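Peer 1: Mind looking over this structure? Questions follow.
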Amino acid sequence: MQFTRDFSHYVRAAGDGLQHIDLAVEGVHCAGCMAKIERGLSAIPDVTLARVNLTDRRVALEWKQGTLDPSNFIDRLEELGYKAYPYETESAEATEVAESRFLLRCLGVAAFATMNVMMLSIPVWSGNVSDMLPEQRDFFHWLSALIALPAAAYAGRPFFRSAWRALSNKTTNMDVPISIGVCLALGMSVVETIKHAEHAYFDAAIMLLTFLLVGRFLDQNMRRRTRAVAGNLAALKADTAAKFVGPDEISQVPVAAIRPGDIVLLRPGECCAVDGTVIEGRSEIDQSLITGETLYVTAAQGTPVYAGSMNISGTLRVRVSAASEATLLAEITRLLDNALQARSRYMRLADRASRLYAPLVHATALITAIGWVLLGASWHDAIVTGVAVLIITCPCALGLAIPTVQTVASGAMFRAGVLLNSGDAIERLAEIDHIIFDKTGTLTLPDLEVTNAADIPADIFELAGRLALSSHHRVAAAVAQAASANSPIVGAVEEAGQGVRAAVDGVEIRLGRRSFCGAEALVGSTGLDPEASVVAFSRGDEKVILSVRQGLRPDAQAVIAALKARNIGIEILSGDREPAVIAVAHALGIPEWRAGVTPADKIARIEELKRRGAKVLMVGDGMNDAPSLAAAHVSISPISAAHLSQATADLVFLGRPLAPVVAAIDSARKALHLMRQNLWLAIGYNVLAVPVAISGVATPLIAAAAMSGSSILVMLNSLRARSRTREIA
């Protein structure tokens, strides 16, 4: 009987002719494992992406559509020494819980054995320099062996299994030198006990396992806490929605079956499953995830709602604009995944060092043992010294130096309302000394309102709103919302950068730039708010001007003051009219500004600043900002930005406040400082420890304490990335 494996259910389209699958991988504990897996999978022809997420032990794979069977990846991982299966959130979390409990049991056994073996070792140490009888010493050694050997066999399984898989596939990882060191220490101790020798190393071996298990358990739980953020987002996703299948008939259907344009019913107490606009009903909704506002928002006709929002009171009918993986909540989840999978420059440096470390550790230990023998030492003393070198030079601290900081910093940024979208964004953001802000939708709120709607004839305003539905511009969207338009005009055509036009009853109507609508002469005589943006509408010879304005983000003044206090240069580059830009610049105290700039002008200004040596952060939203976001040293967009801008930006911030920009800069600077500290701690430890171990001064017990202590020190230092940064005044 022949069995086949069908994983097509877990494969999804990734665009551009690519397919994507996420696999859960067991036994991934360090940067070396990540590098080995990524190299092994990337070597498969037609694989375009292989990225390991150490936080949830998941590997993301993309390949050319129709060229590979996903089972090939599982087979390849098996060859590399790792068990893999399709990633599912619930099963992955259950596996992680089981793994955490297993580590805790191993830690309990190792700690209990360590305490007892140490109690037996103290009289042996003191007796070796006093009058302890050899029989008594042998008894304590055998009693220590009775405790340490079974305890090590049980508690060392996380390391022994990982090392065995690596060696079986003719590779090495960080667990190999650990396992060799523990086994050599235990084996030598048994031999020494049989020979009635004065020294045994049961205490060193079992204490090493205890320290290592403490580090691994803490590391796993820290990563689980970071993953809990993603889990909380996943919990906000509704699986089904009440879709209208007739005028008054609804059916509960899977979210995957809902399409843009459908109408769904959102009842009190339900979590919204889609992005859309309210077309009927009135209620209060909690959409703090998107807006950052803790107060409930009143929802009525025309109010946008987002997946993950909670309906509090009334019943709403919502016209769907996006569902399933196209919603804003799904976009946030993907960005958070990017943050957890991000690979920084410093992490890549640590990866390369970790790959070289394992063979260097083994070679150093072997050369040390041989060298001591050549110098006249006994094989016993030479092997003991080699074991100490093997233990003390284990690169655990180096492997943890960068990933732990990045994991903690990513979680801290998310709590501050910022998501990473690029692997080295933290390092680049930490270096910035100049910020360019776009105005519309960045310093100001993305919500627009038509300030002179009451002065425009109702029939004209209705036509303008219906025509605006055919445009992608945010000003047009404001006009459509203000006019409560819900039926676009058939045959409307949008002209890029100009506006949208159509014919109604044989008469051409236009909405867009004043020049596009032939309404230049109206601007000076209408008495419009000089700070507002304008959009023109024409129907034949009838022409009107609509005044559209945004308010500043609520904390914009405090944020600009905070950035100045950090000695960061600030300027505004906006494509809007000069009066509107001047008003914002004066309100925020920004002396440098330019209005009416094009995307090319923004790029030219960024390049000019680069030539002066400035590290520029670009903060912008609309599609016209995408080129300048890409040209800047680092970039950030609000979550309300156009999808193209989000894809281009290195970071995305949530909510209405601008404060996450300052929080991101502070977190990045602190994280970069801690990354450098950790690297120096790891390197400095080895510079000091290796000569000590080679000289024979450090026993395996001292080596175990030193190596584990360095790893724990790096982890504790990394946790400082969670602390709060300076408050915005």
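Identifiers in the structure tokens: chain A, B, ... in order shown; residue index from 1 per chain; ligand index from 1 in order shown.
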Which residues are near Asp286 (chain A)? Cut-off 6 Å, only C-alpha atoms, ignore same chain within fewer than 5 positions. Put them as a list in words.
Peer 2: Tyr296, Ser309 and Met310 of chain A
Peer 1: Which is closer to Tyr306 (chain A) than all the others in A:Ile194, A:Val500, A:Ile582, A:Ala323, using only C-alpha atoms?
Peer 2: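 Smallest separation from Tyr306 (chain A) among the options: A:Ala323.
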Peer 1: Could you pull out the strand (DSSP E) residues of region 42-252 of chain A from DSSP and send them as an NGL selection string?
Peer 2: :A and (47-53 or 58-64 or 84-86 or 240-244 or 250-252)
Peer 1: Would you put the residues from that selection into a file with N, CA, C and O atoms, as a JSON list (two decimals), in the first residue's frame?
Peer 2:
[["chain", "number", "residue", "atom", "x", "y", "z"],
["A", 47, "VAL", "N", 13.04, 27.62, -4.85],
["A", 47, "VAL", "CA", 12.66, 28.23, -3.57],
["A", 47, "VAL", "C", 13.15, 29.67, -3.57],
["A", 47, "VAL", "O", 14.33, 29.94, -3.78],
["A", 48, "THR", "N", 12.24, 30.62, -3.34],
["A", 48, "THR", "CA", 12.59, 32.04, -3.37],
["A", 48, "THR", "C", 12.71, 32.64, -1.98],
["A", 48, "THR", "O", 13.28, 33.71, -1.82],
["A", 49, "LEU", "N", 12.17, 31.96, -0.97],
["A", 49, "LEU", "CA", 12.24, 32.48, 0.39],
["A", 49, "LEU", "C", 12.25, 31.32, 1.38],
["A", 49, "LEU", "O", 11.43, 30.40, 1.27],
["A", 50, "ALA", "N", 13.17, 31.36, 2.33],
["A", 50, "ALA", "CA", 13.19, 30.42, 3.45],
["A", 50, "ALA", "C", 13.62, 31.21, 4.67],
["A", 50, "ALA", "O", 14.79, 31.55, 4.81],
["A", 51, "ARG", "N", 12.67, 31.55, 5.52],
["A", 51, "ARG", "CA", 12.96, 32.40, 6.67],
["A", 51, "ARG", "C", 12.45, 31.73, 7.93],
["A", 51, "ARG", "O", 11.28, 31.36, 8.03],
["A", 52, "VAL", "N", 13.34, 31.57, 8.92],
["A", 52, "VAL", "CA", 12.99, 30.93, 10.19],
["A", 52, "VAL", "C", 12.62, 31.99, 11.21],
["A", 52, "VAL", "O", 13.33, 32.98, 11.37],
["A", 53, "ASN", "N", 11.52, 31.78, 11.88],
["A", 53, "ASN", "CA", 11.09, 32.61, 13.00],
["A", 53, "ASN", "C", 11.42, 31.86, 14.28],
["A", 53, "ASN", "O", 10.74, 30.90, 14.64],
["A", 58, "ARG", "N", 8.98, 28.60, 13.54],
["A", 58, "ARG", "CA", 8.23, 28.44, 12.29],
["A", 58, "ARG", "C", 9.12, 28.86, 11.13],
["A", 58, "ARG", "O", 9.87, 29.83, 11.23],
["A", 59, "VAL", "N", 9.03, 28.14, 10.04],
["A", 59, "VAL", "CA", 9.77, 28.51, 8.84],
["A", 59, "VAL", "C", 8.77, 28.87, 7.76],
["A", 59, "VAL", "O", 7.81, 28.12, 7.50],
["A", 60, "ALA", "N", 8.95, 30.05, 7.17],
["A", 60, "ALA", "CA", 8.10, 30.51, 6.07],
["A", 60, "ALA", "C", 8.80, 30.21, 4.76],
["A", 60, "ALA", "O", 9.97, 30.57, 4.58],
["A", 61, "LEU", "N", 8.09, 29.57, 3.85],
["A", 61, "LEU", "CA", 8.67, 29.15, 2.58],
["A", 61, "LEU", "C", 7.84, 29.68, 1.42],
["A", 61, "LEU", "O", 6.60, 29.65, 1.46],
["A", 62, "GLU", "N", 8.53, 30.17, 0.40],
["A", 62, "GLU", "CA", 7.87, 30.56, -0.84],
["A", 62, "GLU", "C", 8.63, 29.96, -2.01],
["A", 62, "GLU", "O", 9.86, 29.85, -1.97],
["A", 63, "TRP", "N", 7.89, 29.54, -3.03],
["A", 63, "TRP", "CA", 8.50, 28.92, -4.20],
["A", 63, "TRP", "C", 7.64, 29.18, -5.43],
["A", 63, "TRP", "O", 6.48, 29.61, -5.31],
["A", 64, "LYS", "N", 8.24, 28.94, -6.57],
["A", 64, "LYS", "CA", 7.52, 29.18, -7.82],
["A", 64, "LYS", "C", 6.36, 28.21, -7.96],
["A", 64, "LYS", "O", 6.52, 27.00, -7.76],
["A", 84, "ALA", "N", 9.38, 18.33, 11.09],
["A", 84, "ALA", "CA", 8.55, 19.46, 10.67],
["A", 84, "ALA", "C", 7.17, 18.98, 10.26],
["A", 84, "ALA", "O", 6.99, 17.82, 9.86],
["A", 85, "TYR", "N", 6.22, 19.89, 10.35],
["A", 85, "TYR", "CA", 4.84, 19.61, 9.94],
["A", 85, "TYR", "C", 4.16, 20.95, 9.69],
["A", 85, "TYR", "O", 4.65, 22.00, 10.13],
["A", 86, "PRO", "N", 3.04, 20.98, 8.96],
["A", 86, "PRO", "CA", 2.36, 22.26, 8.67],
["A", 86, "PRO", "C", 2.03, 23.02, 9.95],
["A", 86, "PRO", "O", 1.58, 22.44, 10.93],
["A", 240, "THR", "N", -16.65, 33.43, 11.27],
["A", 240, "THR", "CA", -17.86, 33.50, 10.43],
["A", 240, "THR", "C", -18.49, 34.88, 10.54],
["A", 240, "THR", "O", -18.15, 35.67, 11.43],
["A", 241, "ALA", "N", -19.42, 35.16, 9.64],
["A", 241, "ALA", "CA", -20.16, 36.42, 9.67],
["A", 241, "ALA", "C", -21.57, 36.18, 9.15],
["A", 241, "ALA", "O", -21.81, 35.22, 8.39],
["A", 242, "ALA", "N", -22.50, 37.04, 9.58],
["A", 242, "ALA", "CA", -23.90, 36.93, 9.14],
["A", 242, "ALA", "C", -24.06, 37.72, 7.85],
["A", 242, "ALA", "O", -24.14, 38.95, 7.86],
["A", 243, "LYS", "N", -24.10, 37.03, 6.74],
["A", 243, "LYS", "CA", -24.17, 37.67, 5.42],
["A", 243, "LYS", "C", -25.61, 37.70, 4.92],
["A", 243, "LYS", "O", -26.36, 36.73, 5.07],
["A", 244, "PHE", "N", -25.98, 38.85, 4.32],
["A", 244, "PHE", "CA", -27.31, 38.96, 3.72],
["A", 244, "PHE", "C", -27.30, 38.22, 2.38],
["A", 244, "PHE", "O", -26.54, 38.56, 1.47],
["A", 250, "ILE", "N", -30.54, 36.28, 6.17],
["A", 250, "ILE", "CA", -29.12, 36.21, 6.44],
["A", 250, "ILE", "C", -28.70, 34.75, 6.61],
["A", 250, "ILE", "O", -29.51, 33.89, 6.96],
["A", 251, "SER", "N", -27.42, 34.52, 6.37],
["A", 251, "SER", "CA", -26.86, 33.18, 6.52],
["A", 251, "SER", "C", -25.48, 33.32, 7.16],
["A", 251, "SER", "O", -24.70, 34.19, 6.78],
["A", 252, "GLN", "N", -25.21, 32.46, 8.14],
["A", 252, "GLN", "CA", -23.90, 32.47, 8.80],
["A", 252, "GLN", "C", -22.91, 31.73, 7.90],
["A", 252, "GLN", "O", -23.04, 30.52, 7.69]]
Peer 1: Could you check the closest approach to Ala721 (chain A) for each of A:Ala401, A:Ala412, A:Ala503, A:Ala583 and tell me which residue wins, using only C-alpha atoms?
Peer 2: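 Counting only C-alpha atoms, the residue closest to Ala721 (chain A) is A:Ala412.
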Peer 1: Go through A:Thr368, A:Asn169, A:Ser179, A:Thr210 one by one, measure the shortest atom-to-atom distance of each to Arg105 (chain A) using only C-alpha atoms, and give the residue with the smallest value.
Peer 2: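 Using only C-alpha atoms, the shortest distance to Arg105 (chain A) belongs to A:Thr210.
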Peer 1: Env of Asp576 (chain A): 12 Å cut, atoms = only C-alpha atoms, seq-sep filter 4 positions within chain, self excluded. Answer as a ChimeraX atom specification.
Peer 2: /A:438-441,475,513,530-535,548-550,572,580-584,593-598,624
Peer 1: Could you turn the residues from that selection into a file that holds N, CA and C atoms, as an mmCIF file, in the first residue's frame?
Peer 2:
data_model
loop_
_atom_site.group_PDB
_atom_site.id
_atom_site.type_symbol
_atom_site.label_atom_id
_atom_site.label_comp_id
_atom_site.auth_asym_id
_atom_site.auth_seq_id
_atom_site.Cartn_x
_atom_site.Cartn_y
_atom_site.Cartn_z
ATOM 1 N N ASP A 438 5.600 64.149 5.905
ATOM 2 C CA ASP A 438 4.531 64.556 5.001
ATOM 3 C C ASP A 438 3.462 65.211 5.873
ATOM 4 N N LYS A 439 2.635 66.041 5.300
ATOM 5 C CA LYS A 439 1.609 66.707 6.108
ATOM 6 C C LYS A 439 0.308 65.930 6.138
ATOM 7 N N THR A 440 -0.275 65.744 4.968
ATOM 8 C CA THR A 440 -1.623 65.193 4.887
ATOM 9 C C THR A 440 -1.648 63.729 5.314
ATOM 10 N N GLY A 441 -2.416 63.444 6.347
ATOM 11 C CA GLY A 441 -2.555 62.072 6.825
ATOM 12 C C GLY A 441 -1.423 61.618 7.715
ATOM 13 N N VAL A 475 -9.056 62.584 -0.681
ATOM 14 C CA VAL A 475 -9.942 63.750 -0.688
ATOM 15 C C VAL A 475 -11.269 63.383 -1.340
ATOM 16 N N ARG A 513 -8.618 68.477 -9.684
ATOM 17 C CA ARG A 513 -7.867 69.725 -9.621
ATOM 18 C C ARG A 513 -8.672 70.863 -10.243
ATOM 19 N N PRO A 530 -8.340 79.580 4.036
ATOM 20 C CA PRO A 530 -7.043 79.511 3.340
ATOM 21 C C PRO A 530 -6.199 78.322 3.752
ATOM 22 N N GLU A 531 -6.484 77.723 4.919
ATOM 23 C CA GLU A 531 -5.704 76.581 5.384
ATOM 24 C C GLU A 531 -6.226 75.260 4.823
ATOM 25 N N ALA A 532 -7.380 75.281 4.198
ATOM 26 C CA ALA A 532 -7.995 74.046 3.718
ATOM 27 C C ALA A 532 -7.497 73.701 2.317
ATOM 28 N N SER A 533 -7.534 72.402 2.010
ATOM 29 C CA SER A 533 -7.284 71.953 0.647
ATOM 30 C C SER A 533 -8.589 72.083 -0.136
ATOM 31 N N VAL A 534 -8.471 72.220 -1.442
ATOM 32 C CA VAL A 534 -9.675 72.404 -2.241
ATOM 33 C C VAL A 534 -9.741 71.349 -3.336
ATOM 34 N N VAL A 535 -10.960 70.991 -3.707
ATOM 35 C CA VAL A 535 -11.209 70.116 -4.841
ATOM 36 C C VAL A 535 -12.355 70.745 -5.625
ATOM 37 N N VAL A 548 -11.803 71.101 1.801
ATOM 38 C CA VAL A 548 -11.555 69.878 2.574
ATOM 39 C C VAL A 548 -10.388 70.129 3.522
ATOM 40 N N ARG A 549 -10.578 69.751 4.782
ATOM 41 C CA ARG A 549 -9.548 70.054 5.774
ATOM 42 C C ARG A 549 -9.373 68.893 6.752
ATOM 43 N N GLN A 550 -8.157 68.761 7.250
ATOM 44 C CA GLN A 550 -7.839 67.788 8.292
ATOM 45 C C GLN A 550 -7.358 68.517 9.533
ATOM 46 N N ILE A 572 9.001 69.727 6.941
ATOM 47 C CA ILE A 572 7.777 69.247 6.286
ATOM 48 C C ILE A 572 7.955 69.379 4.782
ATOM 49 N N ALA A 580 -2.041 75.929 3.523
ATOM 50 C CA ALA A 580 -2.315 74.813 4.422
ATOM 51 C C ALA A 580 -1.038 74.316 5.089
ATOM 52 N N VAL A 581 0.061 74.283 4.338
ATOM 53 C CA VAL A 581 1.332 73.814 4.896
ATOM 54 C C VAL A 581 1.873 74.824 5.900
ATOM 55 N N ILE A 582 1.759 76.117 5.577
ATOM 56 C CA ILE A 582 2.233 77.162 6.488
ATOM 57 C C ILE A 582 1.499 77.069 7.820
ATOM 58 N N ALA A 583 0.189 76.863 7.766
ATOM 59 C CA ALA A 583 -0.602 76.803 8.999
ATOM 60 C C ALA A 583 -0.126 75.674 9.905
ATOM 61 N N VAL A 584 0.129 74.504 9.328
ATOM 62 C CA VAL A 584 0.589 73.366 10.127
ATOM 63 C C VAL A 584 1.997 73.615 10.660
ATOM 64 N N TRP A 593 9.995 74.057 5.816
ATOM 65 C CA TRP A 593 8.857 73.427 5.154
ATOM 66 C C TRP A 593 8.875 73.810 3.671
ATOM 67 N N ARG A 594 8.259 72.950 2.888
ATOM 68 C CA ARG A 594 8.065 73.240 1.466
ATOM 69 C C ARG A 594 6.702 72.712 1.060
ATOM 70 N N ALA A 595 5.989 73.498 0.270
ATOM 71 C CA ALA A 595 4.656 73.112 -0.195
ATOM 72 C C ALA A 595 4.688 72.846 -1.696
ATOM 73 N N GLY A 596 3.684 72.124 -2.163
ATOM 74 C CA GLY A 596 3.549 71.860 -3.587
ATOM 75 C C GLY A 596 4.656 71.002 -4.167
ATOM 76 N N VAL A 597 5.295 70.179 -3.358
ATOM 77 C CA VAL A 597 6.398 69.365 -3.857
ATOM 78 C C VAL A 597 5.871 68.084 -4.495
ATOM 79 N N THR A 598 6.590 67.597 -5.456
ATOM 80 C CA THR A 598 6.253 66.351 -6.134
ATOM 81 C C THR A 598 7.035 65.204 -5.490
ATOM 82 N N ASN A 624 1.815 58.659 -3.145
ATOM 83 C CA ASN A 624 2.871 59.508 -3.695
ATOM 84 C C ASN A 624 4.093 59.562 -2.784
#
Peer 1: Using Å and a single decimal, report how far CA of Asp75 (chain A) sits from CA of Gly40 (chain A).
Peer 2: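 Computing the Euclidean distance for CA of Gly40 (chain A) and CA of Asp75 (chain A) yields 11.3 Å.
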Peer 1: Could you work out how far CA of Arg474 (chain A) lies from CA of Ala519 (chain A), giving the answer in Å with one decimal?
Peer 2: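 Here the two named atoms are 20.5 Å from each other.
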Peer 1: Where in region 140-176 of chain A does DSSP assign helix (DSSP H, G or I), given as a ChimeraX atom specification?
Peer 2: /A:140-155,157-168,175-176
Peer 1: Give me the residues within 12 Å of Pro70 (chain A) as a PyMOL selection string, counting only C-alpha atoms and dropping any in the same chain fewer than 2 places off.
Peer 2: chain A and resi 4-12+19-23+41+44+47+60-68+72-77+84-86
Peer 1: Which residues, written as a VMD selection string, have at least one atom at most 9 Å from Val297 (chain A), with only C-alpha atoms counted and residues fewer than 5 positions away on the same chain left out?
Peer 2: chain A and resid 283 to 287
Peer 1: Using only C-alpha atoms, which of A:Arg676, A:His434, A:Arg216, A:Arg319 sits nearest Met618 (chain A)?
Peer 2: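 Residue with the minimum atom-to-atom distance to Met618 (chain A): A:His434.
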Peer 1: List the spatial neighbours of Arg669 (chain A) as a ChimeraX atom specification - criterion: any atom at most 8 Å away, only C-alpha atoms, same-chain residues fewer than 5 positions off excluded.
Peer 2: /A:426-427,429-431
Peer 1: What is the CA of Leu103 (chain A)-CA of Val214 (chain A) distance in Å, reported with one decimal?
Peer 2: 8.8 Å
Peer 1: Report as a list in words all protein, DNA and RNA residues lying within 8 Å of Ile147 (chain A), evaluated on only C-alpha atoms, omitting residues in the same chain fewer than 6 positions from it.
Peer 2: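 After dropping sequence-adjacent residues, the list is Ala113, Asn116 and Val117 of chain A.
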